[in-house]
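Visitor: Please read through the structure below; I'll follow up with questions.
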Amino acid sequence: MSEEKDAVAKELADIVGESNREIHTDESDIYYLSSKNQRFGTNALDAISSLRQFTPVIDGMSLTTVDQKSVAILINGHPSTPQDLRGYTGKEIKKVTYYPVAPPRYSDITDGPIVDVTVKVDKDYINAFVSVSNSVNSGYGTDQAVLRWADSLNMVRADYFIDYRDLRSDKHDSYIYPGSAGLDRDYRTSSKYKGHYQYGKISWQNTAKKDYLYLSGMFSHNPGDREYENRASDGFVAGDEEEDYSRSLSSNTDVGSINFFYMRKTGKGRLDMQANGSIGKTSSENILWYRGAQGNSTSFTNHTYMAYGKLMYYLPVRKVNLFFTGSYSYQHTDHDRTLPSRYTYDTDRNTINLSAAMTGKIPYLGRRLSYNLGVAMKYQDIRNTRQDPDLTRCNFTPYLTLSSTISKKLFIRLRGYVKSGMPSLGELSSEPTYQESNLAWRGDPDLKGWTMYGVALQPEYVIVPGRLAMNGDFSFRYTTDPIKSVVFGGSPVEVRYANLDYARNADAAVFMTLTPGGVLSVKPYFEWSYNNYSTPNRSIERGYFRYGGTVSVNTPKVQSAVNVNCPYKTFNGDITEYGGWQLSCSVLVKLPANLSVSLMWRHSYQGERTTVYAPGILEYDSRSRYPRLANQIMAGITWSFSHGVFKKRQQTQVSDMESDSGISDFNKATM
């Protein structure tokens, strides 16, 4: 951001008004929360969700755009999580910087939208935040507790978080093997999932003049169990050939991590140093039983060690802002398979990211046209003792954004970019997971990396200032060697990750923000998506239309939100997933003594469906429903406490880097 914008931002930061302020820069949108935004919900995540770019949530666990894109979170420029953000209040937010597409210096975090939340000066105080939200008619809930203590130079924060599920589902699975009709099956499946994710975290921060030091330690535990009871239906298998079987899938991940962050202001510039280390253990066991006898089963355990370091330097030079970033990560994984036979192997993964970018205004065009020009270099090397040769890839990926303020009401941003990636260790794993006696799912050790070329146009038009605005997001992406799920014939039939030749994707989204009164906000969206690619089995060229939106009411003592989303579709090679209608209504009442109570009703229309279609090989159709989620009722209580005197002190936060466990999605027990 230029010196001129810094001056404007400083002035706006001191303004307390009933309407939020916005600033457009060459790569981001800066929002200053009004008092109305700050009071929405019970924490900083809720408050930010009330801004017009995002979907309002009360006691939510994620941040999404109005058109349902997941948003990554930074706190004071450093990777963080929604749970970290929930530990702050709306009044502690100084500003929110929103990047519709992450610039090159954040390419190791996300390739989608990202927000950088600047937390303002804090207090010399003790602060506690407790939020308990649990379903009264199903085993479903999320609880969090945060305790902060600070003096003029130090802050100590302790976090505990748990998210748990205990649910039953009913499924109807149909397996048709056109080449082997005798193997066709039709199952009625009853399954039960039980699992949770919890972590404990403690952090310490010291602030002295131009230096900021942050240390944290964290341990997380994520077990999950899925039990399936299958019974063949009449019409496919008869008599003695009828085959009833059960299946159990269990997975667990334990990770311990330590994190270090140091920031120093150097004149007008800034230097950031970040380091992370983690040790993790992930296990998975999938067992099939046929009429009491054990059938095809797999069991394996991975131990993972990871180290990560990053440097970022920002320097304004005259009318140009320069960014330089470099990061390195190393990960070692010990793989130990015990079923169906015992063997071990190791994997080493090295990743280097370098990027440079410059932002400013194009000369001779006044204040109307700005640019953000960057380039990133990514080097990745994966060495596997079971695989030869090594998987190595080095890419240079450019990035250009042009933004223009046409008038006080019209702003346009045009982006062009190139991205690249490598398969995860889970996608490279060849360990099969049997879903049915004739169908196995696994990765492929011969996968290679992919490259994406994209362009996006993002206009914004303010029809009535403070009352009605419209945003658009029109994008096209062409990917070479994309990784998708593909069906391969054989005995058994396999669904494997594979590189396709290409994939074309386009999206056209329009969303509006209507604020007819002081407390009411309406945010509808309309989206059209296009997917085009070819697998070895068929060609896909599909488009679909989606719409939905939110209506929220925000008064000093009562806040409420209604969210509606129509069915969605996702295309993954030969797999297509269909989601059902989703409707939720929530209300929050603020009581004396910093106590709040909330009630949510969530209705998921039972229409979730997964199909796998490969002509001549497999036609699989699965329809599932969670009876107790059809009309789920959540009750929540939030309490906060703070005591102290005002002191100037900057907050910083750093993420807990996640390692690649080496377990594919096929081998994880999920709801």
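Ligands are numbered from 1 in the order shown, chains are lettered A, B, ... in the order of the structure tokens, and residues start at 1 in each chain.
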List the neighbours of Tyr533 (chain A) out to 12 Å using only C-alpha atoms; skip same-chain residues closer than 5 positions along the sequence, and give me the result as a PyMOL selection string.
Guide: chain A and resi 477-484+486+499-505+538-542+571-574
Visitor: Please dump the current selection as an mmCIF file, in the first residue's frame; keep C-alpha atoms.
Guide:
```cif
data_model
loop_
_atom_site.group_PDB
_atom_site.id
_atom_site.type_symbol
_atom_site.label_atom_id
_atom_site.label_comp_id
_atom_site.auth_asym_id
_atom_site.auth_seq_id
_atom_site.Cartn_x
_atom_site.Cartn_y
_atom_site.Cartn_z
ATOM 1 C CA ARG A 477 -8.865 -21.644 -15.962
ATOM 2 C CA TYR A 478 -6.991 -24.094 -18.174
ATOM 3 C CA THR A 479 -5.040 -26.835 -16.391
ATOM 4 C CA THR A 480 -2.524 -29.236 -17.912
ATOM 5 C CA ASP A 481 -2.056 -32.663 -16.284
ATOM 6 C CA PRO A 482 -4.797 -32.147 -13.642
ATOM 7 C CA ILE A 483 -5.108 -34.905 -11.027
ATOM 8 C CA LYS A 484 -8.541 -36.576 -11.033
ATOM 9 C CA VAL A 486 -10.378 -42.390 -12.845
ATOM 10 C CA ASN A 499 -3.214 -37.205 -14.573
ATOM 11 C CA LEU A 500 -5.592 -36.151 -17.346
ATOM 12 C CA ASP A 501 -4.505 -34.262 -20.450
ATOM 13 C CA TYR A 502 -6.344 -31.055 -19.607
ATOM 14 C CA ALA A 503 -9.230 -29.457 -17.728
ATOM 15 C CA ARG A 504 -11.169 -26.319 -18.614
ATOM 16 C CA ASN A 505 -13.154 -24.557 -15.905
ATOM 17 C CA ARG A 538 -15.499 -40.560 -21.337
ATOM 18 C CA SER A 539 -15.604 -36.841 -22.071
ATOM 19 C CA ILE A 540 -17.167 -34.419 -19.612
ATOM 20 C CA GLU A 541 -18.667 -31.095 -20.661
ATOM 21 C CA ARG A 542 -21.103 -29.951 -18.017
ATOM 22 C CA PHE A 571 -16.827 -33.094 -10.959
ATOM 23 C CA ASN A 572 -13.770 -35.207 -10.173
ATOM 24 C CA GLY A 573 -12.819 -37.334 -13.147
ATOM 25 C CA ASP A 574 -15.270 -40.248 -13.333
#
```
Visitor: Going by DSSP on the backbone, which residues of region 288-484 of chain A come out as alpha helix (DSSP H)? List them as a list of chain:residue names.
Guide: A:Leu425, A:Gly426, A:Glu427, A:Leu428
Visitor: Looking at A:Gly579, A:Gly443, A:Gly549, A:Pro82, which one is nearest to Leu63 (chain A), with distances taken over only C-alpha atoms?
Guide: A:Pro82
Visitor: Counting only C-alpha atoms, what is within 7 Å of Leu410 (chain A), bar same-chain residues fewer than 2 positions away, as a PyMOL selection string?
Guide: chain A and resi 405-408+412+460-462
Visitor: Mind checking which residues fall within 8 Å of region 390-394 of chain A, counting only C-alpha atoms, ignoring those fewer than 5 positions away in the same chain, and posting them as a ChimeraX atom specification?
Guide: /A:377-384,422,448-449
Visitor: Let's see if you can do this: from backbone DSSP, list all strand (DSSP E) residues in region 212-288 of chain A, as a PyMOL selection string.
Guide: chain A and resi 212-232+245-266+269-288
Visitor: Fewer than 6 positions away in the same chain doesn't count, so skip those; otherwise give me all residues within 10 Å of Gly179 (chain A), counting only C-alpha atoms, as a list in words.
Guide: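 Those residues are Gly489, Pro615, Gly616, Ile617 and Leu618 of chain A.
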Visitor: Hey, which of A:Phe300, A:Tyr497, A:Tyr175, A:Tyr547 ends up closest to Met512 (chain A)? Count only C-alpha atoms.
Guide: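 Comparing A:Phe300, A:Tyr497, A:Tyr175, A:Tyr547 against Met512 (chain A), the winner is A:Tyr547.
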Visitor: For CA of Thr401 (chain A) and CA of Ile23 (chain A), quote the distance in Å rounded to one decimal.
Guide: 16.6 Å
Visitor: Find the residues around Leu33 (chain A) up to 8 Å (only C-alpha atoms counted), leave out those fewer than 3 positions away in its own chain, and share them as a VMD selection string.
Guide: chain A and resid 19 to 21 36 to 38 48 51 93 to 96
Visitor: With distances taken over only C-alpha atoms, which residue among A:Arg247, A:Arg105, A:Arg86, A:Lys210 lies nearest Gln294 (chain A)?
Guide: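 When distances to Gln294 (chain A) are compared using only C-alpha atoms, the smallest one comes from A:Arg247.
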Visitor: Residues of region 554-629 of chain A that approach region 64-67 of chain A to 12 Å or less, counting only C-alpha atoms: could you list each one with the shortest pair of atoms and its distance in Å to one decimal, rows by chain and increasing residue number, as a tab-separated table?
Guide:
```
residue	atom	partner	partner_atom	distance
A:Asn563	CA	A:Val66	CA	10.4
A:Val564	CA	A:Val66	CA	11.2
A:Asn565	CA	A:Asp67	CA	9.7
A:Cys566	CA	A:Asp67	CA	11.6
A:Tyr568	CA	A:Asp67	CA	12.0
```
Visitor: Residues of the last selection are to be written out with N, CA and C atoms, as an mmCIF file, in the first residue's frame.
Guide:
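Printed below is again-v7.cif as written:
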```
data_model
loop_
_atom_site.group_PDB
_atom_site.id
_atom_site.type_symbol
_atom_site.label_atom_id
_atom_site.label_comp_id
_atom_site.auth_asym_id
_atom_site.auth_seq_id
_atom_site.Cartn_x
_atom_site.Cartn_y
_atom_site.Cartn_z
ATOM 1 N N ASN A 563 -29.738 -18.498 6.030
ATOM 2 C CA ASN A 563 -28.888 -18.860 4.890
ATOM 3 C C ASN A 563 -29.577 -19.924 4.049
ATOM 4 N N VAL A 564 -29.588 -19.739 2.742
ATOM 5 C CA VAL A 564 -30.174 -20.700 1.812
ATOM 6 C C VAL A 564 -29.181 -20.958 0.690
ATOM 7 N N ASN A 565 -28.915 -22.229 0.394
ATOM 8 C CA ASN A 565 -28.050 -22.604 -0.723
ATOM 9 C C ASN A 565 -28.702 -23.738 -1.494
ATOM 10 N N CYS A 566 -28.787 -23.582 -2.805
ATOM 11 C CA CYS A 566 -29.391 -24.624 -3.631
ATOM 12 C C CYS A 566 -28.385 -25.741 -3.871
ATOM 13 N N TYR A 568 -25.537 -28.360 -5.109
ATOM 14 C CA TYR A 568 -24.274 -28.146 -5.805
ATOM 15 C C TYR A 568 -23.856 -29.425 -6.520
#
```
Visitor: Residues within 7 Å of Ser429 (chain A), please, as a count of residues only. Count only C-alpha atoms; anything in the same chain fewer than 6 positions from it doesn't count.
Guide: 4
